[in-house]
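This report refers to the structure that appears directly beneath it.
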Number of protein chains: 2
Amino acid sequence: MTASCPICVRISALTPGDPRFIAERPSGYALLGDHQRYRGYTLFVGRRCVRELHGLPRDERTQFLADMADVAEAVYRAFQPRKLNYELLGNSVAHLHWHLFPRYDDDADPSWPVWNDPQLFAAPATDQELRELGGRVRAALAG
Amino acid sequence: MTASCPICVRISALTPGDPRFIAERPSGYALLGDHQRYRGYTLFVGRRCVRELHGLPRDERTQFLADMADVAEAVYRAFQPRKLNYELLGNSVAHLHWHLFPRYDDDADPSWPVWNDPQLFAAPATDQELRELGGRVRAALAG
């Protein structure tokens, strides 16, 4: 826990009743993104406040990547997108977190990453929408 | 090998003398990107023509993620960026391949992904530049 890290602060305040909460995994947390323009947009947030993958000990790195891939597969199974995009960036907040974006045929620009879309973070989802979407990912993770 | 897949075609034509070639790993190939606006931009291309991570058997998935992370660490050590961006997209060519972008303080927009940068793919690097950059990643991989 780093007191100045927004992701650490968010994790420490997280409860299973949070509409964004999907599941806990050994190395971190699966959470829905606040914005659901790309239906099923999920974050997988590392438990530890580390900047780069190689900042994790080898066994934790392996676990973190496997947990991300399991969550990603569940997102895929829940939403059946055309393609999934997996992105570990951290340019603004350097605490390991994956962006998992389902991509659809009717996207603004299906052949390009989401980041040029001016509507990407325009409208936050409602709690009800988040709970419904999170339930679908949770069911796929359990199934 | 899928005859219609541009990445399969590229791999099948790859030789160690290619200025883009960095190294072979159990699950794939580390190659420099043709465009080096983000110095050290490296691709890690899967050996198998598979669309999503969960299309790989579990042991191959683990190896592919570990190989990517080893290559990413070498890119980081070679170029000492502010941050590394790791992206598995495949929106245009759906054969598993990671984009590893070193990000620097003097980037066009250090806080955002590279994909809005109109100069991203504007000027291909020369063979001489590629050989010099690839040598640095290879040395870091070996070290």
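Quick note on naming: the chains in the structure tokens go A, B, ... in the order shown, residues restart at 1 in each chain, and ligands are numbered from 1 in order of appearance.
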Only residues of chain B matter here; which ones have an atom within 6 Å of chain A, counting only C-alpha atoms? Give them as a ChimeraX atom specification.
/B:85-89,91-92,111,116
Selection near Met1 in chain A, 7 Å with only C-alpha atoms, sequence-local residues under 2 positions removed, as a count of residues only:
3
Mind listing the alpha helix (DSSP H) residues of chain A, per DSSP on the backbone, as a PyMOL selection string?
chain A and resi 6-12+58-79+127-142
Could those residues be written to a file, using N, CA and C atoms, as a compact mmCIF listing (two decimals), in the first residue's frame?
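result28.txt was written with the following content:
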# COMPACT_ATOMS: atom_id res chain seq x y z
N PRO A 6 -3.37 6.25 -6.26
CA PRO A 6 -4.84 6.18 -6.36
C PRO A 6 -5.35 4.74 -6.44
N ILE A 7 -4.57 3.84 -7.04
CA ILE A 7 -5.04 2.46 -7.13
C ILE A 7 -4.95 1.77 -5.76
N CYS A 8 -3.88 2.01 -5.02
CA CYS A 8 -3.81 1.46 -3.65
C CYS A 8 -4.97 1.97 -2.81
N VAL A 9 -5.27 3.25 -2.92
CA VAL A 9 -6.37 3.84 -2.15
C VAL A 9 -7.69 3.16 -2.53
N ARG A 10 -7.87 2.94 -3.83
CA ARG A 10 -9.10 2.31 -4.31
C ARG A 10 -9.22 0.87 -3.81
N ILE A 11 -8.12 0.14 -3.86
CA ILE A 11 -8.14 -1.25 -3.40
C ILE A 11 -8.45 -1.30 -1.90
N SER A 12 -7.84 -0.41 -1.16
CA SER A 12 -8.01 -0.49 0.29
C SER A 12 -9.45 -0.19 0.69
N ARG A 58 9.71 -13.54 -9.63
CA ARG A 58 9.35 -14.36 -10.76
C ARG A 58 8.04 -15.14 -10.54
N ASP A 59 7.87 -15.75 -9.36
CA ASP A 59 6.66 -16.55 -9.14
C ASP A 59 5.42 -15.66 -9.08
N GLU A 60 5.56 -14.47 -8.56
CA GLU A 60 4.40 -13.55 -8.52
C GLU A 60 4.09 -13.02 -9.92
N ARG A 61 5.11 -12.81 -10.71
CA ARG A 61 4.90 -12.38 -12.10
C ARG A 61 4.09 -13.44 -12.85
N THR A 62 4.48 -14.68 -12.69
CA THR A 62 3.78 -15.79 -13.36
C THR A 62 2.32 -15.83 -12.92
N GLN A 63 2.09 -15.68 -11.62
CA GLN A 63 0.73 -15.72 -11.09
C GLN A 63 -0.09 -14.54 -11.62
N PHE A 64 0.52 -13.36 -11.63
CA PHE A 64 -0.18 -12.15 -12.07
C PHE A 64 -0.60 -12.27 -13.54
N LEU A 65 0.27 -12.81 -14.37
CA LEU A 65 -0.05 -12.98 -15.79
C LEU A 65 -1.11 -14.06 -15.97
N ALA A 66 -1.02 -15.14 -15.20
CA ALA A 66 -2.03 -16.21 -15.31
C ALA A 66 -3.39 -15.71 -14.84
N ASP A 67 -3.41 -14.96 -13.75
CA ASP A 67 -4.68 -14.44 -13.25
C ASP A 67 -5.31 -13.49 -14.27
N MET A 68 -4.48 -12.61 -14.85
CA MET A 68 -4.99 -11.71 -15.89
C MET A 68 -5.60 -12.51 -17.04
N ALA A 69 -4.89 -13.54 -17.47
CA ALA A 69 -5.36 -14.32 -18.62
C ALA A 69 -6.66 -15.06 -18.28
N ASP A 70 -6.79 -15.53 -17.06
CA ASP A 70 -8.04 -16.19 -16.66
C ASP A 70 -9.21 -15.19 -16.66
N VAL A 71 -8.95 -14.00 -16.14
CA VAL A 71 -10.00 -12.97 -16.13
C VAL A 71 -10.35 -12.59 -17.57
N ALA A 72 -9.33 -12.42 -18.40
CA ALA A 72 -9.56 -12.05 -19.80
C ALA A 72 -10.41 -13.11 -20.50
N GLU A 73 -10.11 -14.37 -20.26
CA GLU A 73 -10.89 -15.44 -20.88
C GLU A 73 -12.36 -15.36 -20.43
N ALA A 74 -12.56 -15.07 -19.16
CA ALA A 74 -13.94 -14.95 -18.66
C ALA A 74 -14.66 -13.77 -19.32
N VAL A 75 -13.95 -12.65 -19.49
CA VAL A 75 -14.55 -11.50 -20.17
C VAL A 75 -14.93 -11.89 -21.60
N TYR A 76 -14.03 -12.60 -22.24
CA TYR A 76 -14.31 -13.04 -23.61
C TYR A 76 -15.55 -13.95 -23.65
N ARG A 77 -15.59 -14.91 -22.76
CA ARG A 77 -16.72 -15.85 -22.77
C ARG A 77 -18.03 -15.15 -22.42
N ALA A 78 -17.95 -14.16 -21.56
CA ALA A 78 -19.17 -13.46 -21.15
C ALA A 78 -19.74 -12.59 -22.27
N PHE A 79 -18.87 -12.00 -23.09
CA PHE A 79 -19.35 -10.99 -24.04
C PHE A 79 -19.14 -11.37 -25.50
N ASP A 127 -24.73 2.01 -11.57
CA ASP A 127 -24.43 0.87 -10.69
C ASP A 127 -25.19 -0.38 -11.14
N GLN A 128 -26.41 -0.19 -11.60
CA GLN A 128 -27.22 -1.34 -12.05
C GLN A 128 -26.57 -2.01 -13.27
N GLU A 129 -26.12 -1.19 -14.21
CA GLU A 129 -25.44 -1.74 -15.38
C GLU A 129 -24.18 -2.50 -14.96
N LEU A 130 -23.42 -1.91 -14.05
CA LEU A 130 -22.17 -2.54 -13.61
C LEU A 130 -22.45 -3.88 -12.94
N ARG A 131 -23.46 -3.94 -12.10
CA ARG A 131 -23.76 -5.20 -11.42
C ARG A 131 -24.17 -6.29 -12.41
N GLU A 132 -24.92 -5.90 -13.43
CA GLU A 132 -25.36 -6.89 -14.42
C GLU A 132 -24.15 -7.40 -15.22
N LEU A 133 -23.29 -6.49 -15.65
CA LEU A 133 -22.11 -6.89 -16.44
C LEU A 133 -21.14 -7.71 -15.60
N GLY A 134 -20.93 -7.27 -14.35
CA GLY A 134 -20.01 -7.98 -13.45
C GLY A 134 -20.50 -9.39 -13.17
N GLY A 135 -21.81 -9.54 -13.04
CA GLY A 135 -22.37 -10.88 -12.80
C GLY A 135 -22.07 -11.82 -13.95
N ARG A 136 -22.07 -11.28 -15.16
CA ARG A 136 -21.77 -12.12 -16.32
C ARG A 136 -20.32 -12.59 -16.32
N VAL A 137 -19.40 -11.70 -15.96
CA VAL A 137 -17.99 -12.09 -15.91
C VAL A 137 -17.77 -13.10 -14.78
N ARG A 138 -18.39 -12.85 -13.65
CA ARG A 138 -18.24 -13.74 -12.48
C ARG A 138 -18.75 -15.14 -12.83
N ALA A 139 -19.86 -15.19 -13.51
CA ALA A 139 -20.41 -16.50 -13.90
C ALA A 139 -19.45 -17.22 -14.85
N ALA A 140 -18.85 -16.47 -15.77
CA ALA A 140 -17.90 -17.09 -16.71
C ALA A 140 -16.64 -17.55 -15.98
N LEU A 141 -16.21 -16.79 -14.98
CA LEU A 141 -15.03 -17.18 -14.20
C LEU A 141 -15.28 -18.47 -13.42
N ALA A 142 -16.51 -18.61 -12.94
CA ALA A 142 -16.85 -19.78 -12.12
C ALA A 142 -17.14 -21.01 -12.98
For CA of Pro124 in chain A and CA of Gly33 in chain A, determine how far apart the two atoms are, in Å to one decimal place.
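According to the coordinates, CA of Pro124 in chain A and CA of Gly33 in chain A are separated by 8.8 Å.
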What does the distance between CA of Pro81 in chain A and CA of Ser27 in chain B come to in Å, to one decimal place?
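These atoms are spaced 25.3 Å apart.
Backbone DSSP of range 79-110 of chain B yields strand (DSSP E) at B:Lys83, B:Leu84, B:Asn85, B:Tyr86, B:Glu87, B:Leu88, B:His97, B:Trp98, B:His99, B:Leu100, B:Phe101, B:Pro102, B:Arg103.
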Would you pick out the contacts of Tyr29 in chain A at 10 Å or less, using only C-alpha atoms, so that residues sharing its chain but fewer than 2 positions from it are not included, and give the list as a list in words?
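Here the answer would be Ile11, Leu14, Phe21, Ile22, Ala23, Glu24, Arg25, Pro26, Ser27, Leu31, Leu32, Leu43, Phe44, Val45, Gly46, Arg47, Asp67, Met68, Val71 and His97 of chain A.
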